[in-house]
>>> print(open('work_10.txt').read())   # compact mmCIF, C-alpha atoms
# COMPACT_ATOMS: atom_id res chain seq x y z
CA MET E 1 -3.99 13.14 -20.24
CA ALA E 2 -3.34 12.71 -16.53
CA ILE E 3 -5.01 15.20 -14.17
CA MET E 4 -2.94 16.17 -11.14
CA PHE E 5 -4.01 18.25 -8.14
CA TYR E 6 -1.85 20.08 -5.63
CA GLU E 7 -2.40 22.07 -2.44
CA LYS E 8 -3.60 25.10 -4.40
CA ASP E 9 -6.40 22.93 -5.80
CA CYS E 10 -7.57 21.66 -2.42
CA ASP E 11 -9.76 23.43 0.11
CA LEU E 12 -9.11 21.97 3.54
CA GLY E 13 -11.99 24.10 4.80
CA VAL E 14 -14.41 21.64 3.18
CA LEU E 15 -13.70 19.32 6.12
CA LYS E 16 -13.52 21.95 8.86
CA GLY E 17 -16.22 21.34 11.44
CA LYS E 18 -16.68 17.80 10.15
CA THR E 19 -15.78 14.61 12.02
CA ILE E 20 -13.34 12.20 10.41
CA ALA E 21 -13.42 8.53 11.44
CA VAL E 22 -10.27 6.57 10.63
CA ILE E 23 -11.10 2.89 10.96
CA GLY E 24 -7.97 0.99 11.89
CA TYR E 25 -4.66 2.08 13.40
CA GLY E 26 -2.07 0.06 11.51
CA SER E 27 0.56 1.37 9.11
CA GLN E 28 -1.83 3.57 7.11
CA GLY E 29 -4.33 4.19 9.91
CA HIS E 30 -1.90 5.79 12.33
CA ALA E 31 -0.47 8.02 9.59
CA HIS E 32 -3.85 9.22 8.30
CA ALA E 33 -5.21 9.86 11.79
CA LEU E 34 -2.19 11.77 13.08
CA ASN E 35 -1.64 13.76 9.88
CA ALA E 36 -5.31 14.76 9.63
CA LYS E 37 -5.39 15.78 13.29
CA GLU E 38 -2.26 17.89 12.88
CA SER E 39 -3.86 19.49 9.83
CA GLY E 40 -6.58 20.81 12.16
CA LEU E 41 -9.34 18.27 11.60
CA ARG E 42 -11.42 16.50 14.23
CA VAL E 43 -10.41 12.84 14.10
CA ILE E 44 -11.83 9.77 15.82
CA VAL E 45 -10.11 6.41 15.47
CA GLY E 46 -12.41 3.40 15.22
CA LEU E 47 -11.23 0.02 16.55
CA TYR E 48 -12.78 -3.23 17.66
CA GLU E 49 -13.45 -3.62 21.36
CA GLY E 50 -10.31 -4.87 23.12
CA SER E 51 -7.95 -3.92 20.28
CA PRO E 52 -4.29 -3.84 21.40
CA SER E 53 -4.00 -0.52 19.54
CA TRP E 54 -6.55 1.19 21.81
CA LYS E 55 -3.99 2.42 24.34
CA ARG E 56 -1.57 3.47 21.59
CA VAL E 57 -4.27 5.66 20.08
CA GLU E 58 -5.03 7.28 23.44
CA ALA E 59 -1.30 7.78 24.10
CA ALA E 60 -1.05 9.63 20.78
CA GLY E 61 -3.72 12.07 21.98
CA LEU E 62 -6.42 10.82 19.64
CA GLU E 63 -10.03 10.08 20.47
CA VAL E 64 -10.93 6.41 20.11
CA LYS E 65 -14.27 4.59 19.91
CA THR E 66 -15.51 1.27 18.61
CA ALA E 67 -15.65 1.19 14.82
CA LYS E 68 -19.45 1.38 14.87
CA ASP E 69 -19.56 4.34 17.26
CA ALA E 70 -16.84 6.16 15.34
CA ALA E 71 -18.68 5.64 12.04
CA ALA E 72 -21.95 6.78 13.58
CA ALA E 73 -20.36 10.02 14.79
CA ALA E 74 -18.48 10.76 11.59
CA ASP E 75 -19.23 12.68 8.41
CA PHE E 76 -16.24 11.13 6.63
CA ILE E 77 -15.35 7.46 7.22
CA MET E 78 -11.97 6.19 6.00
CA ILE E 79 -11.64 2.39 6.12
CA LEU E 80 -8.01 1.37 6.62
CA ILE E 81 -8.10 -2.22 7.81
CA ASN E 82 -6.96 -5.18 5.68
CA ASP E 83 -8.83 -5.75 2.41
CA GLU E 84 -10.00 -9.21 3.41
CA LYS E 85 -11.60 -7.89 6.63
CA GLN E 86 -13.39 -4.87 5.22
CA ALA E 87 -16.60 -6.48 3.95
CA LYS E 88 -17.41 -8.03 7.34
CA LEU E 89 -16.59 -4.80 9.17
CA TYR E 90 -18.75 -2.82 6.74
CA GLN E 91 -21.77 -5.10 7.20
CA GLU E 92 -21.52 -5.21 10.99
CA SER E 93 -20.26 -1.77 12.00
CA ILE E 94 -20.65 0.76 9.21
CA LYS E 95 -23.67 -0.06 7.05
CA PRO E 96 -26.12 0.11 10.03
CA VAL E 97 -25.06 3.70 10.86
CA LEU E 98 -24.72 5.19 7.38
CA LYS E 99 -26.90 8.23 6.73
CA PRO E 100 -27.48 10.17 3.50
CA GLY E 101 -24.71 12.61 2.69
CA LYS E 102 -21.92 10.82 4.55
CA THR E 103 -18.68 10.02 2.74
CA LEU E 104 -17.24 6.51 2.75
CA ALA E 105 -13.57 6.45 1.80
CA PHE E 106 -10.98 3.81 0.95
CA ALA E 107 -7.23 3.74 0.34
CA HIS E 108 -7.55 0.83 -2.10
CA GLY E 109 -10.39 0.03 -4.47
CA PHE E 110 -10.46 -3.77 -3.99
CA ASN E 111 -13.74 -4.18 -2.11
CA ILE E 112 -15.70 -1.66 -4.16
CA HIS E 113 -14.35 -2.79 -7.52
CA PHE E 114 -14.90 -6.48 -6.85
CA GLY E 115 -18.35 -5.96 -5.32
CA GLN E 116 -17.56 -7.05 -1.78
CA ILE E 117 -18.96 -3.75 -0.46
CA ILE E 118 -21.99 -2.17 -2.16
CA PRO E 119 -22.84 1.14 -0.45
CA PRO E 120 -26.27 2.79 -0.73
CA GLN E 121 -26.68 5.38 -3.48
CA ASP E 122 -27.21 8.32 -1.12
CA ILE E 123 -23.64 8.48 0.22
CA ASN E 124 -20.36 9.57 -1.36
CA VAL E 125 -17.82 6.85 -2.11
CA VAL E 126 -14.28 8.06 -2.74
CA MET E 127 -10.75 6.75 -2.69
CA ILE E 128 -7.62 8.54 -1.50
CA ALA E 129 -4.72 6.14 -1.94
CA PRO E 130 -1.20 7.16 -0.86
CA LYS E 131 1.42 5.58 -3.11
CA GLY E 132 3.64 4.54 -0.25
CA PRO E 133 3.60 2.69 3.08
CA GLY E 134 1.87 4.35 6.01
CA HIS E 135 5.07 4.96 7.93
CA THR E 136 6.41 6.87 4.92
CA VAL E 137 3.16 8.86 4.75
CA ARG E 138 3.73 9.88 8.35
CA GLU E 139 7.46 10.58 8.06
CA GLN E 140 7.06 12.67 4.91
CA TYR E 141 4.27 14.71 6.47
CA GLN E 142 6.39 15.41 9.56
CA ALA E 143 9.25 16.48 7.30
CA GLY E 144 7.00 19.00 5.57
CA ALA E 145 6.74 16.88 2.44
CA GLY E 146 4.20 14.30 1.31
CA VAL E 147 3.56 11.03 -0.48
CA PRO E 148 1.72 11.27 -3.82
CA CYS E 149 -1.88 10.05 -3.72
CA LEU E 150 -4.49 8.76 -6.13
CA ILE E 151 -8.05 10.05 -5.96
CA ALA E 152 -11.18 8.49 -7.42
CA VAL E 153 -14.90 9.06 -7.04
CA HIS E 154 -17.19 6.03 -7.25
CA GLN E 155 -20.37 7.79 -6.10
CA ASP E 156 -21.06 11.51 -5.85
CA ALA E 157 -24.25 11.79 -3.83
CA THR E 158 -23.68 15.33 -2.58
CA GLY E 159 -22.22 16.90 -5.71
CA ASP E 160 -18.91 17.74 -4.04
CA ALA E 161 -17.38 14.31 -3.42
CA LYS E 162 -14.19 15.17 -5.30
CA ARG E 163 -13.72 18.38 -3.30
CA ILE E 164 -14.14 16.37 -0.11
CA GLY E 165 -11.65 13.76 -1.27
CA LEU E 166 -9.11 16.40 -2.28
CA ALA E 167 -9.48 18.08 1.12
CA TYR E 168 -8.68 14.77 2.80
CA ALA E 169 -5.70 14.22 0.49
CA ALA E 170 -4.40 17.63 1.55
CA ALA E 171 -4.99 16.82 5.21
CA ILE E 172 -2.75 13.74 5.09
CA GLY E 173 -0.03 15.54 3.11
CA GLY E 174 -0.64 14.00 -0.30
CA ALA E 175 -1.41 17.26 -2.08
CA ARG E 176 2.08 18.51 -1.26
CA ALA E 177 3.46 15.89 -3.67
CA GLY E 178 0.52 15.64 -6.06
CA VAL E 179 -2.83 13.86 -6.31
CA LEU E 180 -3.50 11.92 -9.51
CA GLU E 181 -7.10 11.44 -10.62
CA THR E 182 -7.99 7.83 -11.48
CA THR E 183 -10.84 5.33 -11.12
CA PHE E 184 -11.47 2.53 -8.64
CA LYS E 185 -10.99 0.05 -11.49
CA GLU E 186 -7.67 1.46 -12.66
CA GLU E 187 -6.23 1.83 -9.17
CA THR E 188 -7.25 -1.67 -8.10
CA GLU E 189 -6.01 -3.49 -11.18
CA THR E 190 -2.74 -1.57 -11.58
CA ASP E 191 -2.00 -1.77 -7.85
CA LEU E 192 -2.52 -5.54 -7.72
CA PHE E 193 -0.48 -6.03 -10.88
CA GLY E 194 2.38 -3.85 -9.63
CA GLU E 195 2.53 -5.70 -6.33
CA GLN E 196 2.40 -9.16 -7.86
CA ALA E 197 4.43 -8.86 -11.05
CA VAL E 198 7.04 -6.25 -10.11
CA LEU E 199 7.27 -4.67 -6.67
CA CYS E 200 6.76 -7.67 -4.39
CA GLY E 201 6.36 -10.91 -6.30
CA GLY E 202 8.69 -10.07 -9.19
CA VAL E 203 11.47 -8.44 -7.18
CA SER E 204 11.37 -11.06 -4.40
CA ALA E 205 11.60 -13.93 -6.88
CA LEU E 206 14.40 -12.19 -8.80
CA MET E 207 16.49 -11.61 -5.67
CA LYS E 208 16.03 -15.18 -4.45
CA ALA E 209 16.89 -16.60 -7.86
CA GLY E 210 20.06 -14.51 -8.07
CA TYR E 211 21.08 -15.60 -4.57
CA GLU E 212 20.49 -19.27 -5.41
CA VAL E 213 22.47 -19.10 -8.68
CA LEU E 214 25.45 -17.52 -6.93
CA THR E 215 25.51 -19.84 -3.91
CA GLU E 216 24.96 -22.93 -6.07
CA ALA E 217 28.06 -21.81 -8.01
CA GLY E 218 30.08 -21.83 -4.78
CA TYR E 219 30.15 -18.15 -3.86
CA GLN E 220 29.83 -17.12 -0.21
CA PRO E 221 26.21 -16.63 0.92
CA GLU E 222 27.19 -13.29 2.44
CA SER E 223 28.63 -12.03 -0.85
CA ALA E 224 25.54 -13.23 -2.70
CA TYR E 225 23.26 -11.42 -0.23
CA PHE E 226 25.13 -8.13 -0.58
CA GLU E 227 25.08 -8.31 -4.39
CA VAL E 228 21.46 -9.26 -5.04
CA MET E 229 19.51 -7.97 -2.04
CA HIS E 230 21.35 -5.37 0.04
CA GLU E 231 22.31 -3.26 -2.98
CA MET E 232 18.75 -3.31 -4.30
CA LYS E 233 17.78 -0.36 -2.09
CA LEU E 234 20.77 1.67 -3.27
CA ILE E 235 19.76 1.18 -6.90
CA ILE E 236 16.07 1.86 -6.26
CA ASP E 237 16.93 5.05 -4.37
CA LEU E 238 18.69 6.29 -7.52
CA VAL E 239 15.72 5.33 -9.71
CA ASN E 240 13.33 7.03 -7.29
CA ARG E 241 15.42 10.19 -7.39
CA GLY E 242 15.90 10.51 -11.14
CA GLY E 243 14.54 7.56 -13.08
CA LEU E 244 16.45 4.87 -14.94
CA SER E 245 18.64 7.46 -16.68
CA PHE E 246 19.92 8.87 -13.40
CA MET E 247 20.56 5.37 -12.06
CA ARG E 248 22.56 4.52 -15.17
CA TYR E 249 24.42 7.82 -14.92
CA SER E 250 25.36 7.01 -11.33
CA ILE E 251 26.62 3.45 -11.81
CA SER E 252 29.79 2.37 -13.63
CA ASP E 253 29.90 2.06 -17.41
CA THR E 254 30.57 -1.64 -16.91
CA ALA E 255 27.35 -2.02 -14.91
CA GLU E 256 25.43 0.06 -17.46
CA TYR E 257 26.71 -2.11 -20.35
CA GLY E 258 25.69 -5.23 -18.41
CA ASP E 259 22.26 -3.68 -17.87
CA TYR E 260 21.72 -3.27 -21.60
CA ILE E 261 22.89 -6.71 -22.72
CA THR E 262 21.51 -8.83 -19.85
CA GLY E 263 18.20 -7.25 -18.82
CA PRO E 264 16.41 -8.42 -22.00
CA LYS E 265 17.75 -11.94 -21.44
CA ILE E 266 16.13 -12.06 -17.98
CA ILE E 267 12.86 -10.32 -18.82
CA THR E 268 11.95 -12.03 -22.09
CA GLU E 269 8.79 -12.01 -24.18
CA GLU E 270 7.83 -15.20 -22.36
CA THR E 271 8.13 -13.33 -19.06
CA LYS E 272 5.95 -10.53 -20.42
CA ASN E 273 3.37 -13.06 -21.58
CA THR E 274 3.26 -14.44 -18.04
CA MET E 275 2.78 -10.90 -16.77
CA ARG E 276 -0.06 -10.43 -19.23
CA GLN E 277 -1.75 -13.53 -17.81
CA VAL E 278 -1.27 -12.16 -14.28
CA LEU E 279 -3.00 -8.96 -15.40
CA LYS E 280 -5.79 -10.93 -17.04
CA ASP E 281 -6.40 -12.90 -13.83
CA ILE E 282 -6.71 -9.59 -11.98
CA GLN E 283 -8.99 -8.01 -14.57
CA THR E 284 -11.37 -10.98 -14.71
CA GLY E 285 -11.60 -11.18 -10.92
CA LYS E 286 -9.90 -14.59 -10.71
CA PHE E 287 -7.24 -13.32 -8.30
CA ALA E 288 -9.88 -11.65 -6.12
CA ARG E 289 -11.98 -14.82 -6.03
CA ASP E 290 -8.94 -16.93 -5.15
CA TRP E 291 -7.88 -14.55 -2.37
CA ILE E 292 -11.38 -14.30 -0.92
CA GLY E 293 -11.65 -18.10 -1.05
CA GLU E 294 -8.27 -18.50 0.64
CA ASN E 295 -9.48 -16.38 3.54
CA GLN E 296 -12.71 -18.34 3.82
CA VAL E 297 -10.77 -21.55 4.56
CA ASN E 298 -8.33 -19.99 7.07
CA ARG E 299 -5.50 -19.30 4.63
CA PRO E 300 -3.77 -22.71 4.32
CA PHE E 301 -1.61 -21.76 1.30
CA PHE E 302 -0.87 -18.25 2.57
CA ASN E 303 0.20 -19.45 6.02
CA ARG E 304 2.31 -22.28 4.61
CA MET E 305 4.13 -19.91 2.24
CA ARG E 306 4.89 -17.48 5.07
CA VAL E 307 6.72 -20.26 6.92
CA ILE E 308 8.55 -21.51 3.82
CA GLU E 309 9.67 -18.05 2.71
CA ALA E 310 10.86 -17.06 6.19
CA ALA E 311 13.13 -20.11 6.17
CA HIS E 312 14.82 -19.27 2.84
CA PRO E 313 18.63 -19.01 3.25
CA ILE E 314 18.68 -15.43 1.94
CA GLU E 315 16.49 -14.43 4.89
CA GLN E 316 18.71 -16.17 7.43
CA VAL E 317 21.96 -14.74 6.05
CA GLY E 318 20.40 -11.30 5.67
CA LYS E 319 19.14 -11.28 9.25
CA GLU E 320 22.64 -12.02 10.55
CA LEU E 321 24.31 -9.40 8.40
CA ARG E 322 21.75 -6.70 9.16
CA SER E 323 22.24 -7.29 12.88
CA MET E 324 25.78 -5.98 12.43
CA MET E 325 24.58 -2.79 10.77
CA ARG E 326 23.50 -0.79 13.78
CA TRP E 327 22.26 2.11 11.65
CA ILE E 328 19.53 0.00 10.03
CA PRO E 329 16.24 0.23 11.98
CA LYS E 330 15.36 -3.08 13.60
CA SER E 331 12.42 -4.86 12.00
CA THR E 332 9.59 -6.27 14.10
CA VAL E 333 9.45 -9.58 12.19
>>> encode(input="work_10.txt", output="structure tokens")
Amino acid sequence: MAIMFYEKDCDLGVLKGKTIAVIGYGSQGHAHALNAKESGLRVIVGLYEGSPSWKRVEAAGLEVKTAKDAAAAADFIMILINDEKQAKLYQESIKPVLKPGKTLAFAHGFNIHFGQIIPPQDINVVMIAPKGPGHTVREQYQAGAGVPCLIAVHQDATGDAKRIGLAYAAAIGGARAGVLETTFKEETETDLFGEQAVLCGGVSALMKAGYEVLTEAGYQPESAYFEVMHEMKLIIDLVNRGGLSFMRYSISDTAEYGDYITGPKIITEETKNTMRQVLKDIQTGKFARDWIGENQVNRPFFNRMRVIEAAHPIEQVGKELRSMMRWIPKSTV
């Protein structure tokens, strides 16, 4: 049975008087650093020398050092840079300054689970993984709410690694919504599967396919965009609020009937078998090996796909239509 923790289960005092190093100041990094600071903890942000984020960190009123200096000064080190960059950063800037009793933390289990980072046995290794983008972690905290988190302990050198992890989860607002206990293995494999088969890969492919079917049949691109992409958020908001039942309650009976008779035609047993193979590739480490290898040769496939996908007609039509909706925040891409 799932074990959930909330604010009443967390003692923020465990981290009082300690120094927290947040390595990286991207989407997650800025949220963790600011939330922890506003929760009363001493926070240092660690960046590489010359990082364009350096001035942004200072402007936010946070202390900033190089990653190595921040890690050396810290009791708790949270690594929040991209997965594919973590092993190199660890070897160069963190491993040389680790001392017994420190806590090394991650927001995703990839590098620990797949053996890209192997910490010494005399330090704690924990994971506190918010189940939402960093900007949402920040916005929810500021609103007095929080984004649910996962917590896992890979190594407990001091005997209180879980208490330390829970304190950090509370500091970034996660304990307000709930902290689910898991393992590095479970978090890594389910997270990769969810991203690839459903949340990113699956949904993106489904929306593009729907757009292509409609436009190939002669319908206006703008109508196709509204039907298969723009409305996606409206439906997901309903699911997020009350599950599939609430979504079906909120839509028309016609739409609900179409849901029941057509969904199984789209997601067939063959589709599920493909998803099972995706999961197998994650579990066996094939995906991790492929991704690590892709980065070792300067990402030829990844970079090519970015260009191809950006040029898809649904992106061009969507960009034009969104520009007319002044209430939608402007993207930076």
>>> residues_around(input="work_10.txt", residues="Leu98 (chain E)", least_positions_apart="6", cutoff="8 Å", atoms="all atoms listed in the file", output="VMD selection string")
chain E and resid 71 to 72 123
>>> write_last_selection(input="work_10.txt", atoms="C-alpha atoms", output="mmCIF file, in the frame of the given file")
data_model
loop_
_atom_site.group_PDB
_atom_site.id
_atom_site.type_symbol
_atom_site.label_atom_id
_atom_site.label_comp_id
_atom_site.auth_asym_id
_atom_site.auth_seq_id
_atom_site.Cartn_x
_atom_site.Cartn_y
_atom_site.Cartn_z
ATOM 1 C CA ALA E 71 -18.680 5.640 12.040
ATOM 2 C CA ALA E 72 -21.950 6.780 13.580
ATOM 3 C CA ILE E 123 -23.640 8.480 0.220
#
>>> closest_residue(input="work_10.txt", among="E:Val307, E:Lys68, E:Asn298, E:Gly40", to="Pro96 (chain E)", atoms="only C-alpha atoms")
E:Lys68
>>> residues_near_point(input="work_10.txt", point="(-15.8, 5.1, 16.3)", cutoff="9 Å", atoms="only C-alpha atoms", output="list in words")
Ala21, Val22, Ile23, Ile44, Val45, Gly46, Leu47, Tyr48, Glu63, Val64, Lys65, Thr66, Ala67, Lys68, Asp69, Ala70, Ala71, Ala72, Ala73 and Ala74 of chain E
>>> atom_distance(input="work_10.txt", atom1="CA of Asn295 (chain E)", atom2="CA of His32 (chain E)")
26.6 Å
>>> residues_around(input="work_10.txt", residues="Gly109 (chain E)", least_positions_apart="3", cutoff="8 Å", atoms="all atoms listed in the file", output="CSV table (one decimal) with C-alpha atoms, in the coordinates of the input")
chain,number,residue,atom,x,y,z
E,106,PHE,CA,-11.0,3.8,1.0
E,112,ILE,CA,-15.7,-1.7,-4.2
E,113,HIS,CA,-14.4,-2.8,-7.5
E,127,MET,CA,-10.8,6.8,-2.7
E,184,PHE,CA,-11.5,2.5,-8.6
E,185,LYS,CA,-11.0,0.0,-11.5
E,187,GLU,CA,-6.2,1.8,-9.2
E,188,THR,CA,-7.2,-1.7,-8.1
>>> closest_residue(input="work_10.txt", among="E:Asn111, E:Gln277, E:Ser27, E:Asn82", to="Glu139 (chain E)", atoms="all atoms listed in the file")
E:Ser27
>>> residues_near_point(input="work_10.txt", point="(20.7, -19.6, 6.3)", cutoff="12 Å", atoms="all atoms listed in the file", output="MDAnalysis selection string")
chainID E and resid 211:212 215 220:222 225 309:321
>>> atom_distance(input="work_10.txt", atom1="CA of Cys149 (chain E)", atom2="CA of Phe287 (chain E)")
24.4 Å
>>> closest_residue(input="work_10.txt", among="E:Gly218, E:Gly165, E:Gly201, E:Pro130", to="Ile20 (chain E)", atoms="only C-alpha atoms")
E:Gly165
>>> atom_distance(input="work_10.txt", atom1="CA of Ile172 (chain E)", atom2="CA of Asp191 (chain E)")
20.2 Å
>>> closest_residue(input="work_10.txt", among="E:Tyr219, E:Tyr257, E:Phe301, E:Phe114", to="Thr284 (chain E)", atoms="all atoms listed in the file")
E:Phe114
>>> residues_around(input="work_10.txt", residues="Gly173 (chain E)", least_positions_apart="6", cutoff="7 Å", atoms="only C-alpha atoms", output="compact mmCIF listing (two decimals) with C-alpha atoms, in the frame of the given file")
# COMPACT_ATOMS: atom_id res chain seq x y z
CA TYR E 141 4.27 14.71 6.47
CA ALA E 145 6.74 16.88 2.44
CA GLY E 146 4.20 14.30 1.31
CA VAL E 147 3.56 11.03 -0.48
>>> closest_residue(input="work_10.txt", among="E:Thr262, E:Gly115, E:Leu34, E:Gly24", to="Pro52 (chain E)", atoms="only C-alpha atoms")
E:Gly24
>>> axis_aligned_box(input="work_10.txt", around="region 252-267 of chain E", padding_each_side="3 Å", output="lines of an AutoDock Vina configuration file")
center_x = 21.7
center_y = -4.8
center_z = -18.2
size_x = 23.7
size_y = 20.4
size_z = 15.1
>>> closest_residue(input="work_10.txt", among="E:Arg42, E:Arg176, E:Lys102, E:Lys162", to="Asp75 (chain E)", atoms="only C-alpha atoms")
E:Lys102
>>> residues_around(input="work_10.txt", residues="Ile267 (chain E)", least_positions_apart="5", cutoff="12 Å", atoms="all atoms listed in the file", output="number ranges by chain")
E: 197-198, 202-203, 206, 259-262, 272-275
>>> write_last_selection(input="work_10.txt", atoms="C-alpha atoms", output="tab-separated table (two decimals), in the coordinates of the input")
chain	number	residue	atom	x	y	z
E	197	ALA	CA	4.43	-8.86	-11.05
E	198	VAL	CA	7.04	-6.25	-10.11
E	202	GLY	CA	8.69	-10.07	-9.19
E	203	VAL	CA	11.47	-8.44	-7.18
E	206	LEU	CA	14.40	-12.19	-8.80
E	259	ASP	CA	22.26	-3.68	-17.87
E	260	TYR	CA	21.72	-3.27	-21.60
E	261	ILE	CA	22.89	-6.71	-22.72
E	262	THR	CA	21.51	-8.83	-19.85
E	272	LYS	CA	5.95	-10.53	-20.42
E	273	ASN	CA	3.37	-13.06	-21.58
E	274	THR	CA	3.26	-14.44	-18.04
E	275	MET	CA	2.78	-10.90	-16.77
